[in-house]
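J.: Take a look at work_9.cif, mmCIF, C-alpha atoms:
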data_structure
loop_
_atom_site.label_atom_id
_atom_site.label_comp_id
_atom_site.auth_asym_id
_atom_site.auth_seq_id
_atom_site.Cartn_x
_atom_site.Cartn_y
_atom_site.Cartn_z
CA MET Z 126 -0.68 258.29 106.11
CA ALA Z 127 -4.19 257.08 105.45
CA ALA Z 128 -7.69 258.51 105.38
CA THR Z 129 -11.29 257.68 106.15
CA PHE Z 130 -14.04 256.36 103.85
CA LEU Z 131 -17.50 257.70 104.59
CA MET Z 132 -20.57 259.39 103.17
CA SER Z 133 -20.66 262.86 104.65
CA ALA Z 134 -22.63 266.00 103.90
CA LEU Z 135 -19.52 268.04 104.39
CA ALA Z 136 -15.82 267.11 104.52
CA ALA Z 137 -13.31 269.61 105.91
CA ARG Z 138 -9.76 270.26 104.80
CA LEU Z 139 -8.10 266.85 104.80
CA LEU Z 140 -5.08 264.78 103.81
CA GLN Z 141 -2.37 267.43 103.59
CA PRO Z 142 0.49 266.60 101.18
CA ALA Z 143 3.11 264.31 102.71
CA HIS Z 144 6.74 265.41 103.04
CA SER Z 145 8.15 261.97 103.81
CA CYS Z 146 8.90 258.76 102.02
CA SER Z 147 7.02 256.78 104.67
CA LEU Z 148 3.26 256.54 104.92
CA ARG Z 149 1.73 257.55 108.23
CA PRO Z 150 -1.50 255.61 108.82
CA ARG Z 151 -4.67 257.30 110.01
CA PRO Z 152 -8.17 255.80 110.19
CA PHE Z 153 -10.11 255.14 106.98
CA HIS Z 154 -13.87 254.79 106.64
CA LEU Z 155 -15.65 253.51 103.58
CA ALA Z 156 -19.17 254.61 102.76
CA ALA Z 157 -22.06 254.06 100.42
CA VAL Z 158 -25.70 255.01 100.94
CA ARG Z 159 -27.39 252.67 103.44
CA ASN Z 160 -29.55 253.05 106.52
CA GLU Z 161 -27.04 251.42 108.87
CA ALA Z 162 -23.29 251.25 108.59
CA ILE Z 163 -21.69 247.87 107.93
CA VAL Z 164 -18.40 247.56 109.80
CA ILE Z 165 -15.55 246.31 107.60
CA SER Z 166 -12.74 244.67 109.50
CA GLY Z 167 -9.52 245.87 107.90
CA ARG Z 168 -7.65 243.66 110.36
CA LYS Z 169 -9.49 240.55 109.16
CA LEU Z 170 -8.89 241.35 105.50
CA ALA Z 171 -5.24 242.09 106.28
CA GLN Z 172 -4.88 238.66 107.94
CA GLU Z 173 -6.29 237.03 104.81
CA ILE Z 174 -3.80 238.88 102.62
CA LYS Z 175 -0.87 238.15 104.92
CA GLN Z 176 -1.78 234.46 104.88
CA GLU Z 177 -1.79 234.58 101.08
CA VAL Z 178 1.64 236.25 101.15
CA ARG Z 179 2.93 233.75 103.73
CA GLN Z 180 1.91 230.82 101.54
CA GLU Z 181 3.43 232.46 98.48
CA VAL Z 182 6.72 233.06 100.31
CA GLU Z 183 6.92 229.48 101.57
CA GLU Z 184 6.30 228.13 98.07
CA TRP Z 185 8.95 230.54 96.78
CA VAL Z 186 11.52 229.40 99.35
CA ALA Z 187 10.62 225.73 98.88
CA SER Z 188 11.50 226.15 95.20
CA GLY Z 189 15.06 226.97 96.23
CA ASN Z 190 14.86 230.75 96.21
CA LYS Z 191 16.17 233.15 98.86
CA ARG Z 192 13.68 234.30 101.49
CA PRO Z 193 12.67 237.96 100.79
CA HIS Z 194 13.85 240.67 103.19
CA LEU Z 195 12.56 244.22 103.59
CA SER Z 196 14.76 247.22 104.46
CA VAL Z 197 13.13 250.41 105.76
CA ILE Z 198 14.62 253.88 105.30
CA LEU Z 199 12.89 256.35 107.60
CA VAL Z 200 12.96 260.04 106.70
CA GLY Z 201 12.49 262.62 109.44
CA GLU Z 202 11.36 262.36 113.05
CA ASN Z 203 7.56 262.32 112.67
CA PRO Z 204 6.13 260.15 115.51
CA ALA Z 205 3.44 258.72 113.21
CA SER Z 206 6.13 257.59 110.77
CA HIS Z 207 7.98 255.85 113.59
CA SER Z 208 4.74 254.13 114.62
CA TYR Z 209 4.20 252.93 111.05
CA VAL Z 210 7.75 251.62 110.85
CA LEU Z 211 7.24 249.65 114.07
CA ASN Z 212 4.47 247.76 112.28
CA LYS Z 213 6.98 246.73 109.61
CA THR Z 214 9.66 245.39 111.95
CA ARG Z 215 8.94 241.71 111.33
CA ALA Z 216 9.98 242.17 107.73
CA ALA Z 217 12.47 245.04 108.07
CA ALA Z 218 16.20 244.40 107.99
CA ASP Z 219 17.43 247.80 109.11
CA VAL Z 220 16.25 251.35 109.69
CA GLU Z 221 18.15 254.54 108.89
CA HIS Z 222 17.52 258.28 109.01
CA ILE Z 223 18.45 260.03 105.77
CA ASP Z 224 17.62 263.07 103.65
CA GLU Z 225 14.42 262.34 101.72
CA ARG Z 226 15.65 264.27 98.69
CA ARG Z 227 18.49 261.78 98.25
CA ILE Z 228 16.52 258.61 98.70
CA CYS Z 229 13.08 258.52 97.02
CA ASN Z 230 14.48 258.12 93.51
CA ALA Z 231 17.74 256.51 94.62
CA VAL Z 232 15.90 253.30 95.52
CA SER Z 233 15.71 250.84 92.64
CA PRO Z 234 12.16 250.97 91.23
CA ASP Z 235 12.17 247.16 91.25
CA LYS Z 236 12.74 247.18 95.03
CA ASP Z 237 10.60 250.23 95.82
CA VAL Z 238 7.89 248.50 97.87
CA ASP Z 239 6.36 251.83 98.93
CA GLY Z 240 5.73 252.79 95.29
CA PHE Z 241 7.32 256.25 95.62
CA HIS Z 242 9.87 256.05 92.80
CA VAL Z 243 9.03 258.31 89.88
CA ILE Z 244 9.02 255.30 87.51
CA ASN Z 245 6.47 253.45 89.65
CA VAL Z 246 4.31 256.55 89.97
CA GLY Z 247 4.45 257.04 86.20
CA ARG Z 248 3.55 253.43 85.47
CA MET Z 249 0.64 253.63 87.90
CA CYS Z 250 -0.66 256.75 86.13
CA LEU Z 251 -0.39 254.94 82.79
CA ASP Z 252 -2.44 251.97 84.10
CA GLN Z 253 0.60 249.69 83.90
CA TYR Z 254 1.75 247.12 86.43
CA SER Z 255 3.89 248.76 89.09
CA MET Z 256 4.60 248.86 92.80
CA LEU Z 257 1.52 250.54 94.26
CA PRO Z 258 1.69 252.67 97.43
CA ALA Z 259 0.60 250.45 100.31
CA THR Z 260 -2.17 252.60 101.81
CA PRO Z 261 -4.04 253.38 98.54
CA TRP Z 262 -3.64 249.75 97.47
CA GLY Z 263 -5.00 248.67 100.86
CA VAL Z 264 -8.05 250.89 100.37
CA TRP Z 265 -8.54 249.51 96.86
CA GLU Z 266 -8.35 245.94 98.19
CA ILE Z 267 -10.93 246.74 100.88
CA ILE Z 268 -13.31 248.01 98.19
CA LYS Z 269 -12.77 245.00 95.92
CA ARG Z 270 -12.83 242.31 98.59
CA THR Z 271 -15.93 243.81 100.20
CA GLY Z 272 -17.70 243.78 96.84
CA ILE Z 273 -18.48 247.50 96.74
CA PRO Z 274 -19.16 248.48 93.10
CA THR Z 275 -17.20 251.38 91.58
CA LEU Z 276 -18.00 251.10 87.87
CA GLY Z 277 -19.85 254.26 86.83
CA LYS Z 278 -20.02 255.52 90.43
CA ASN Z 279 -19.29 259.07 91.53
CA VAL Z 280 -16.37 259.27 93.95
CA VAL Z 281 -15.01 262.24 95.89
CA VAL Z 282 -11.43 262.06 97.17
CA ALA Z 283 -10.80 264.72 99.81
CA GLY Z 284 -7.07 265.35 99.53
CA ARG Z 285 -4.47 265.49 96.79
CA SER Z 286 -1.34 264.18 98.53
CA LYS Z 287 1.08 262.36 96.25
CA ASN Z 288 1.28 259.34 98.56
CA VAL Z 289 -2.43 258.82 99.31
CA GLY Z 290 -5.01 261.09 97.67
CA MET Z 291 -3.60 261.07 94.14
CA PRO Z 292 -2.93 257.30 93.98
CA ILE Z 293 -6.40 256.52 95.35
CA ALA Z 294 -7.96 258.74 92.70
CA MET Z 295 -5.88 257.04 89.98
CA LEU Z 296 -6.85 253.54 91.10
CA LEU Z 297 -10.54 254.42 91.24
CA HIS Z 298 -10.95 256.29 87.96
CA THR Z 299 -8.77 254.32 85.54
CA ASP Z 300 -9.99 251.78 82.98
CA GLY Z 301 -10.90 248.38 84.35
CA ALA Z 302 -9.81 246.73 81.09
CA HIS Z 303 -6.24 248.08 81.14
CA GLU Z 304 -3.04 246.27 82.15
CA ARG Z 305 -3.49 247.47 85.74
CA PRO Z 306 -7.31 247.45 86.07
CA GLY Z 307 -8.93 250.47 87.67
CA GLY Z 308 -12.35 251.14 89.15
CA ASP Z 309 -13.99 252.90 86.18
CA ALA Z 310 -15.42 255.52 88.54
CA THR Z 311 -15.89 259.23 87.97
CA VAL Z 312 -13.56 260.85 90.50
CA THR Z 313 -13.55 264.40 91.85
CA ILE Z 314 -10.51 265.48 93.89
CA SER Z 315 -10.98 268.20 96.48
CA HIS Z 316 -8.33 269.93 98.58
CA ARG Z 317 -7.82 272.77 101.05
CA TYR Z 318 -8.69 275.42 98.47
CA THR Z 319 -11.94 273.77 97.39
CA PRO Z 320 -14.80 276.02 98.61
CA LYS Z 321 -16.83 274.30 101.31
CA GLU Z 322 -20.08 274.90 99.47
CA GLN Z 323 -18.65 273.17 96.38
CA LEU Z 324 -17.35 270.27 98.44
CA LYS Z 325 -20.78 269.89 100.01
CA LYS Z 326 -22.42 269.69 96.57
CA HIS Z 327 -19.93 267.09 95.38
CA THR Z 328 -20.27 264.89 98.47
CA ILE Z 329 -24.07 264.96 98.33
CA LEU Z 330 -23.91 263.63 94.75
CA ALA Z 331 -21.15 261.11 95.47
CA ASP Z 332 -21.65 257.37 95.86
CA ILE Z 333 -18.31 257.02 97.66
CA VAL Z 334 -16.43 259.69 99.58
CA ILE Z 335 -12.86 259.23 100.73
CA SER Z 336 -12.11 261.61 103.57
CA ALA Z 337 -11.08 261.83 107.21
CA ALA Z 338 -14.25 263.09 108.85
CA GLY Z 339 -17.95 262.37 108.82
CA VAL Z 340 -20.97 261.02 110.60
CA ARG Z 341 -21.17 257.28 111.23
CA GLN Z 342 -24.93 257.25 110.78
CA LYS Z 343 -24.55 258.50 107.21
CA ALA Z 344 -22.10 255.79 106.22
CA GLY Z 345 -23.00 252.61 104.39
CA TYR Z 346 -19.65 250.98 105.18
CA ILE Z 347 -17.02 251.95 107.70
CA THR Z 348 -13.81 250.45 109.01
CA PRO Z 349 -13.10 250.44 112.75
CA VAL Z 350 -10.43 252.58 114.35
CA PRO Z 351 -8.03 250.98 115.04
CA GLY Z 352 -8.14 247.87 112.89
CA GLY Z 353 -9.13 249.50 109.60
CA VAL Z 354 -6.76 250.59 106.87
CA GLY Z 355 -3.69 250.53 109.12
CA PRO Z 356 -3.38 246.70 109.08
CA MET Z 357 -4.17 246.69 105.35
CA THR Z 358 -1.29 249.10 104.69
CA VAL Z 359 1.20 246.73 106.34
CA ALA Z 360 -0.34 243.70 104.58
CA MET Z 361 -0.01 245.32 101.15
CA LEU Z 362 3.58 246.27 101.96
CA MET Z 363 4.30 242.58 102.57
CA LYS Z 364 2.59 241.80 99.27
CA ASN Z 365 4.87 244.28 97.50
CA THR Z 366 7.91 242.69 99.16
CA ILE Z 367 7.33 239.24 97.67
CA ILE Z 368 6.49 240.81 94.30
CA ALA Z 369 9.77 242.73 94.39
CA ALA Z 370 11.77 239.65 95.42
CA LYS Z 371 10.44 237.64 92.48
CA LYS Z 372 10.98 240.48 90.03
CA VAL Z 373 14.57 241.08 91.11
CA LEU Z 374 15.40 237.36 90.90
CA ARG Z 375 13.95 237.14 87.40
CA LEU Z 376 16.09 240.12 86.35
CA GLU Z 377 19.18 238.49 87.84
CA GLU Z 378 18.42 235.22 86.06
CA ARG Z 379 18.07 237.04 82.75
CA GLU Z 380 21.42 238.77 83.30
CA VAL Z 381 23.12 235.44 84.03
CA LEU Z 382 21.55 233.87 80.93
CA LYS Z 383 22.60 236.86 78.85
CA SER Z 384 26.18 236.59 80.12
CA LYS Z 385 26.29 232.87 79.27
CA GLU Z 386 24.95 233.55 75.78
CA LEU Z 387 27.57 236.26 75.23
CA GLY Z 388 30.27 233.87 76.46
CA VAL Z 389 29.20 231.18 73.99
CA ALA Z 390 29.07 233.72 71.16
CA THR Z 391 32.56 234.96 72.02
CA ASN Z 392 34.00 231.45 72.05
#
Could you write out this file's structure as structure tokens?
T.:
Amino acid sequence: MAATFLMSALAARLLQPAHSCSLRPRPFHLAAVRNEAIVISGRKLAQEIKQEVRQEVEEWVASGNKRPHLSVILVGENPASHSYVLNKTRAAADVEHIDERRICNAVSPDKDVDGFHVINVGRMCLDQYSMLPATPWGVWEIIKRTGIPTLGKNVVVAGRSKNVGMPIAMLLHTDGAHERPGGDATVTISHRYTPKEQLKKHTILADIVISAAGVRQKAGYITPVPGGVGPMTVAMLMKNTIIAAKKVLRLEEREVLKSKELGVATN
């Protein structure tokens, strides 16, 4: 699931809460106040990030480590989820259908590359390093790599879903000086019960609006559809995969070292 960045006079009811452990990409547009919209190529940024990941993986393997692998567990039969999973197939080892209630917190938080485990969500909310959900992280990377300022800016996030709206709001409003730097923006979250007249007031005052509808002419920055946040979501998932692989190996190495130390102490 994704959304659209844009400056709009009025955003409708958007980004309903997700009931799956897989993100389902939709188009994202990014907006600030300008006379003409600048098109941001999410596909181009994604290629840059994937090249960074590719180089990091090759260096990792060249150092004698195992090549990272990604396993995908698909919950439900939503066609958009299946489409998203197809974009992961180059890195996925296997795909299963399983009850979402049994899986989200059953995945090790160190291997949770979607960032859905309660520990990762908690760490994100506390501005600590964690696995970030791929779509919100992709949006955040678009903002940073495009050079769009967020410090002190007013931001409206249309939608409060736990997989997209809430993480985006957290990344944008948290302290830029903390362990996991945020955007230092003032964020307003709207949802389906926000009165339209109130939403209109908030969006008029906002410097950045994250939503799924709007007028291109009113946007300062937009991403194309397709080729916007969708490719960025997959790229950030690959980024999480190499991060997880390194973290798990370090934990295993510490366990081995601990066992050796205990063996020496026993002898």
J.: Can you list, as a list in words, every protein, DNA or RNA residue that comes within 6 Å of range 256-273 of chain Z when you count only C-alpha atoms, leaving out same-chain residues fewer than 5 positions away?
T.: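 Residues meeting the cut-off are Asp239, Gly240, Asn245, Val289, Ile293, Met357, Thr358, Met361 and Leu362 of chain Z.
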J.: Would you kindly return, as a PyMOL selection string, each protein, DNA or RNA residue with an atom no farther than 12 Å from any atom of Asp300 in chain Z, considering only C-alpha atoms and excluding same-chain residues fewer than 2 positions away?
T.: chain Z and resi 249-253+275-277+295-298+302-311
J.: Interatomic distance between CA of Pro351 in chain Z and CA of Ser336 in chain Z?
T.: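 Computing the Euclidean distance for CA of Pro351 in chain Z and CA of Ser336 in chain Z yields 16.2 Å.
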J.: Which polymer residues have any atom within 8 Å of an atom of Val280 in chain Z, counting all atoms listed in the file, with same-chain residues fewer than 6 positions away left out, as an NGL selection string?
T.: :Z and (310-313 or 331-335)
J.: Once 3 Å is added on each side, what are the centre and the three edge lengths, in Å to one decimal, of the axis-aligned box enclosing the listed atoms of range 260-276 of chain Z? Present them as lines of an AutoDock Vina configuration file.
T.:
center_x = -10.7
center_y = 247.8
center_z = 94.8
size_x = 23.0
size_y = 17.1
size_z = 19.9
J.: Once the PyMOL selection byres ((chain Z and resi 191) around 12) has been applied to the shown file, what residues remain in the selection, as a list of chain:residue names?
T.: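 Those residues are Z:Val182, Z:Glu183, Z:Glu184, Z:Trp185, Z:Val186, Z:Ala187, Z:Ser188, Z:Gly189, Z:Asn190, Z:Arg192, Z:Pro193, Z:His194, Z:Ile367, Z:Ala370, Z:Lys371, Z:Val373, Z:Leu374.
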J.: Given the file above and the PyMOL selection byres ((chain Z and resi 316) around 6), which residues are selected, and can you give them as a list in words?
T.: Ala283, Gly284, Ser315, Arg317, Tyr318 and Thr319 of chain Z
J.: Quick check, in Å to one decimal: how far apart do CA of Arg285 in chain Z and CA of Ile314 in chain Z lie?
T.: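 Interatomic distance here is 6.7 Å.
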J.: Give the answer as one residue: which of Z:Leu382, Z:Ala231, Z:Leu324, Z:Ile174 has the shortest atom-to-atom distance to Ala360 in chain Z, using all atoms listed in the file?
T.: Z:Ile174
J.: Could you work out how far CA of Met363 in chain Z lies from CA of Val178 in chain Z, giving the answer in Å with one decimal?
T.: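 Computing the Euclidean distance for CA of Val178 in chain Z and CA of Met363 in chain Z yields 7.0 Å.
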